[in-house]
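**Q** Just passing along the structure, written as structure tokens.
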Amino acid sequence: MPRPNAGLLTRVAIAVAVIAILPWVVPSFLVFDLIYVAAYTIAILGLIILTGMNGQISLGHGAFMALGGYVVAVLAHSAGWPYWIGVPLAAIASGVAGLLIGLVALRLAGVYLALATFSLAVATPSFLKHYKSITGGFDGMSLQPVQAPAGVPLGGQQWLYYVAWAVAGVVFLLSALLVRGQFGRALRALRDNPIAAVSFGVNPYFYKTAAFGWSAVLAGIAGGFYAIPTAYVSPDTFTFALSITLLIGAVLGGISTFWGALVGGIVVEFLPLVAQQINAAAPGVVYGVALILVMMFLPDGIVGGLLRLTYRFRRAPPQPALESSTPSAAPVTVGPQSRE
């Protein structure tokens, strides 16, 4: 397995340092927003693996987030289980659901798969409202606010911030180890040329289903951290718009790189807030114009545009041809010299 280069380790170290320092230098309401950025980042990472690396378009990841969020909420509200048990169980439940959906998705591709997963996202809120005895129905469920463990000198919000980003770091590391080997090569081969990949022995059923399952695991974890900060969940928390938002974040951040998940999470959390500040009467218009401009000038996402710009500045300019100021020398005859 190839070793990470020094530049990558430097960027990771800078990102870790910034994340660690932010709660101490920004207002508390921004810390709250940054917890949601962590949740978005984890979910978008799953889409990057599924859509960016494997080519399967999913518009239903909001449904997996809903499953994860409600697993955490039901266990905490009804059984009194702590969040640190609920989040892993949410990942397992969403992963199983993702594997089942992945088996169905093997028969679909392109726009047909997108519509099928979109219908899943549309149906999820109605399903949650129907089973009121379990999910709380239209009223949702209230949860206990997060408290830091005894002896930890942090507020509940700061503690949740560090936990969310620590989990994000772990899933980023696991995902990187997963896709840097045979698994990642198989996904890219199936995306670029499925016929050639199958002819070389790549099993599309296994790899496509596994990619769907792993992306659903990440969505379930993200759903847990999406529900915990506000200590409240309802069916309206996980509408189909959430699935669209995740795909927008993946495309805007850069769907071909893991860094796109981080940038996409930041964009989808703060861009609507910025748009509302610019025009409180029609923030959707500002939001839509911003999306169009990014897609026009940065078709490979913000991270892709930054990488291209960095490469352009780092690339050495071509050396100009040297021109001699002296008269040209006499031509040199190659071959045996004549003897007198």
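Chains: A, B, ... in order of the structure tokens. Residues: from 1 per chain. Ligands: from 1, in order shown.
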Applying 12 Å and only C-alpha atoms, which residues near Gly184 (chain A) remain after dropping the ones on its own chain fewer than 6 positions away? List them as a list in words.
**A**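 Non-adjacent residues within range: Met1, Ile48, Ile49, Leu50, Gly52, Met53, Asn54, Ser175, Ala176, Leu177, Leu178, Leu190, Arg191, Val202, Tyr207, Lys208, Ala210 and Ala211 of chain A.
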**Q** Could you turn the residues from that selection into a file that holds all heavy atoms, as a short mmCIF file (atom, residue, chain, number, x, y, z; two decimals), in the first residue's frame?
**A**
```cif
data_model
loop_
_atom_site.label_atom_id
_atom_site.label_comp_id
_atom_site.auth_asym_id
_atom_site.auth_seq_id
_atom_site.Cartn_x
_atom_site.Cartn_y
_atom_site.Cartn_z
N MET A 1 0.86 -1.19 0.00
CA MET A 1 0.00 0.00 0.00
C MET A 1 0.89 1.24 0.00
O MET A 1 1.84 1.34 0.78
CB MET A 1 -0.88 0.00 1.25
CG MET A 1 -1.89 1.13 1.27
SD MET A 1 -3.04 0.98 2.69
CE MET A 1 -1.89 1.09 4.07
N ILE A 48 -19.29 10.41 -1.55
CA ILE A 48 -18.09 10.47 -2.39
C ILE A 48 -17.62 9.07 -2.73
O ILE A 48 -17.21 8.77 -3.86
CB ILE A 48 -16.99 11.28 -1.68
CG1 ILE A 48 -17.36 12.77 -1.71
CG2 ILE A 48 -15.63 11.05 -2.33
CD1 ILE A 48 -16.39 13.66 -0.96
N ILE A 49 -17.67 8.16 -1.76
CA ILE A 49 -17.28 6.78 -2.03
C ILE A 49 -18.27 6.11 -2.96
O ILE A 49 -17.88 5.41 -3.90
CB ILE A 49 -17.16 6.00 -0.70
CG1 ILE A 49 -16.00 6.56 0.14
CG2 ILE A 49 -16.94 4.51 -0.96
CD1 ILE A 49 -15.89 5.96 1.52
N LEU A 50 -19.56 6.32 -2.73
CA LEU A 50 -20.58 5.65 -3.52
C LEU A 50 -20.72 6.24 -4.91
O LEU A 50 -20.74 5.51 -5.92
CB LEU A 50 -21.92 5.72 -2.79
CG LEU A 50 -23.11 5.06 -3.49
CD1 LEU A 50 -22.92 3.56 -3.56
CD2 LEU A 50 -24.42 5.41 -2.79
N GLY A 52 -18.87 9.25 -6.26
CA GLY A 52 -17.65 9.71 -6.88
C GLY A 52 -16.73 8.59 -7.30
O GLY A 52 -16.13 8.63 -8.39
N MET A 53 -16.61 7.54 -6.48
CA MET A 53 -15.68 6.46 -6.78
C MET A 53 -16.34 5.30 -7.51
O MET A 53 -15.68 4.60 -8.29
CB MET A 53 -15.03 5.95 -5.49
CG MET A 53 -14.21 6.98 -4.76
SD MET A 53 -13.22 6.24 -3.44
CE MET A 53 -12.13 5.20 -4.41
N ASN A 54 -17.62 5.06 -7.26
CA ASN A 54 -18.27 3.90 -7.84
C ASN A 54 -19.31 4.25 -8.90
O ASN A 54 -19.78 3.37 -9.62
CB ASN A 54 -18.94 3.07 -6.73
CG ASN A 54 -19.31 1.68 -7.18
OD1 ASN A 54 -18.68 1.10 -8.06
ND2 ASN A 54 -20.35 1.13 -6.58
N SER A 175 -12.05 4.91 5.95
CA SER A 175 -12.43 4.99 4.53
C SER A 175 -11.19 5.09 3.64
O SER A 175 -11.14 4.49 2.56
CB SER A 175 -13.35 6.19 4.30
OG SER A 175 -14.55 6.06 5.05
N ALA A 176 -10.20 5.85 4.10
CA ALA A 176 -8.97 5.98 3.31
C ALA A 176 -8.25 4.64 3.20
O ALA A 176 -7.77 4.26 2.12
CB ALA A 176 -8.05 7.02 3.95
N LEU A 177 -8.17 3.90 4.31
CA LEU A 177 -7.54 2.58 4.26
C LEU A 177 -8.34 1.63 3.37
O LEU A 177 -7.77 0.76 2.70
CB LEU A 177 -7.44 2.01 5.68
CG LEU A 177 -6.52 2.75 6.64
CD1 LEU A 177 -6.59 2.14 8.03
CD2 LEU A 177 -5.08 2.74 6.13
N LEU A 178 -9.65 1.80 3.34
CA LEU A 178 -10.50 0.92 2.55
C LEU A 178 -10.31 1.13 1.06
O LEU A 178 -10.22 0.17 0.29
CB LEU A 178 -11.96 1.14 2.94
CG LEU A 178 -13.01 0.24 2.28
CD1 LEU A 178 -12.84 -1.20 2.74
CD2 LEU A 178 -14.41 0.73 2.60
N LEU A 190 -15.05 -0.43 -11.90
CA LEU A 190 -16.46 -0.61 -12.21
C LEU A 190 -17.10 0.70 -12.65
O LEU A 190 -18.04 0.71 -13.46
CB LEU A 190 -17.20 -1.16 -11.00
CG LEU A 190 -16.90 -2.62 -10.64
CD1 LEU A 190 -17.51 -2.97 -9.29
CD2 LEU A 190 -17.41 -3.56 -11.72
N ARG A 191 -16.62 1.81 -12.14
CA ARG A 191 -17.15 3.11 -12.55
C ARG A 191 -16.73 3.46 -13.97
O ARG A 191 -17.54 3.92 -14.78
CB ARG A 191 -16.68 4.19 -11.58
CG ARG A 191 -17.09 5.62 -11.95
CD ARG A 191 -16.22 6.62 -11.20
NE ARG A 191 -14.82 6.49 -11.59
CZ ARG A 191 -13.81 7.11 -10.96
NH1 ARG A 191 -14.06 7.87 -9.91
NH2 ARG A 191 -12.57 6.96 -11.39
N VAL A 202 -13.39 -8.75 -11.49
CA VAL A 202 -14.00 -7.93 -10.45
C VAL A 202 -15.47 -8.32 -10.31
O VAL A 202 -16.21 -8.32 -11.30
CB VAL A 202 -13.86 -6.43 -10.77
CG1 VAL A 202 -14.57 -5.59 -9.71
CG2 VAL A 202 -12.40 -6.04 -10.86
N TYR A 207 -18.82 -5.68 -4.78
CA TYR A 207 -18.24 -4.36 -4.55
C TYR A 207 -19.30 -3.25 -4.56
O TYR A 207 -19.23 -2.32 -3.74
CB TYR A 207 -17.16 -4.07 -5.61
CG TYR A 207 -15.89 -4.86 -5.37
CD1 TYR A 207 -15.60 -5.98 -6.15
CD2 TYR A 207 -15.01 -4.51 -4.36
CE1 TYR A 207 -14.44 -6.71 -5.93
CE2 TYR A 207 -13.86 -5.24 -4.13
CZ TYR A 207 -13.58 -6.34 -4.92
OH TYR A 207 -12.44 -7.07 -4.69
N LYS A 208 -20.28 -3.34 -5.44
CA LYS A 208 -21.31 -2.31 -5.46
C LYS A 208 -22.18 -2.37 -4.21
O LYS A 208 -22.54 -1.34 -3.63
CB LYS A 208 -22.18 -2.46 -6.71
CG LYS A 208 -21.48 -2.01 -7.99
CD LYS A 208 -22.45 -1.97 -9.14
CE LYS A 208 -21.79 -1.40 -10.39
NZ LYS A 208 -22.75 -1.28 -11.52
N ALA A 210 -21.22 -3.62 -1.30
CA ALA A 210 -20.39 -3.19 -0.17
C ALA A 210 -20.24 -1.68 -0.13
O ALA A 210 -20.26 -1.07 0.95
CB ALA A 210 -19.02 -3.86 -0.25
N ALA A 211 -20.10 -1.04 -1.29
CA ALA A 211 -19.99 0.42 -1.33
C ALA A 211 -21.27 1.06 -0.82
O ALA A 211 -21.23 2.05 -0.05
CB ALA A 211 -19.70 0.89 -2.76
#
```
**Q** For the structure I just gave you, how does DSSP split region 75-121 of chain A - specifically, which residues are helix (DSSP H, G or I)? Reply as a PyMOL selection string.
**A** chain A and resi 75-78+83-105+111-121
**Q** Within 9 Å of region 14-30 of chain A, counting only C-alpha atoms, which residues show up once you throw out same-chain ones fewer than 5 positions away? Write them as a ChimeraX atom specification, please.
**A** /A:9,35,157-158,161-162,165,169
**Q** Could you write those residues out with N, CA, C and O atoms, as a PDB file, in the first residue's frame?
**A**
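File written: part_28.pdb
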```
ATOM      1  N   LEU A   9       0.291  14.642   4.809  1.00  0.00           N
ATOM      2  CA  LEU A   9       0.374  14.634   6.265  1.00  0.00           C
ATOM      3  C   LEU A   9       0.364  16.058   6.827  1.00  0.00           C
ATOM      4  O   LEU A   9      -0.229  16.304   7.885  1.00  0.00           O
ATOM      5  N   ILE A  35     -20.780  21.430  14.735  1.00  0.00           N
ATOM      6  CA  ILE A  35     -21.174  20.044  14.994  1.00  0.00           C
ATOM      7  C   ILE A  35     -21.974  19.515  13.809  1.00  0.00           C
ATOM      8  O   ILE A  35     -21.794  18.372  13.363  1.00  0.00           O
ATOM      9  N   GLN A 157     -21.729  21.252  24.934  1.00  0.00           N
ATOM     10  CA  GLN A 157     -21.626  21.532  23.509  1.00  0.00           C
ATOM     11  C   GLN A 157     -20.205  21.329  22.997  1.00  0.00           C
ATOM     12  O   GLN A 157     -19.991  20.748  21.923  1.00  0.00           O
ATOM     13  N   GLN A 158     -19.216  21.807  23.763  1.00  0.00           N
ATOM     14  CA  GLN A 158     -17.828  21.601  23.365  1.00  0.00           C
ATOM     15  C   GLN A 158     -17.464  20.117  23.370  1.00  0.00           C
ATOM     16  O   GLN A 158     -16.748  19.637  22.472  1.00  0.00           O
ATOM     17  N   TYR A 161     -18.840  18.562  20.326  1.00  0.00           N
ATOM     18  CA  TYR A 161     -18.049  18.995  19.177  1.00  0.00           C
ATOM     19  C   TYR A 161     -16.824  18.105  19.002  1.00  0.00           C
ATOM     20  O   TYR A 161     -16.555  17.595  17.904  1.00  0.00           O
ATOM     21  N   TYR A 162     -16.076  17.901  20.064  1.00  0.00           N
ATOM     22  CA  TYR A 162     -14.856  17.100  19.963  1.00  0.00           C
ATOM     23  C   TYR A 162     -15.175  15.640  19.669  1.00  0.00           C
ATOM     24  O   TYR A 162     -14.446  14.969  18.913  1.00  0.00           O
ATOM     25  N   TRP A 165     -16.142  15.376  15.870  1.00  0.00           N
ATOM     26  CA  TRP A 165     -15.006  15.477  14.959  1.00  0.00           C
ATOM     27  C   TRP A 165     -14.010  14.342  15.151  1.00  0.00           C
ATOM     28  O   TRP A 165     -13.325  13.950  14.204  1.00  0.00           O
ATOM     29  N   GLY A 169     -12.877  11.917  12.173  1.00  0.00           N
ATOM     30  CA  GLY A 169     -11.501  11.544  11.867  1.00  0.00           C
ATOM     31  C   GLY A 169     -11.326  10.042  11.745  1.00  0.00           C
ATOM     32  O   GLY A 169     -10.602   9.558  10.858  1.00  0.00           O
TER      33      GLY A 169
END
```
**Q** Using only C-alpha atoms, which residue out of A:Ala97, A:Ile92, A:Ala231, A:Val87 lies closest to Val146 (chain A)?
**A**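 Closest residue, counting only C-alpha atoms: A:Ala231.
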**Q** Please report the interatomic distance between CA of Phe297 (chain A) and CA of Pro272 (chain A) in Å with one decimal.
**A**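 The value is 19.8 Å.
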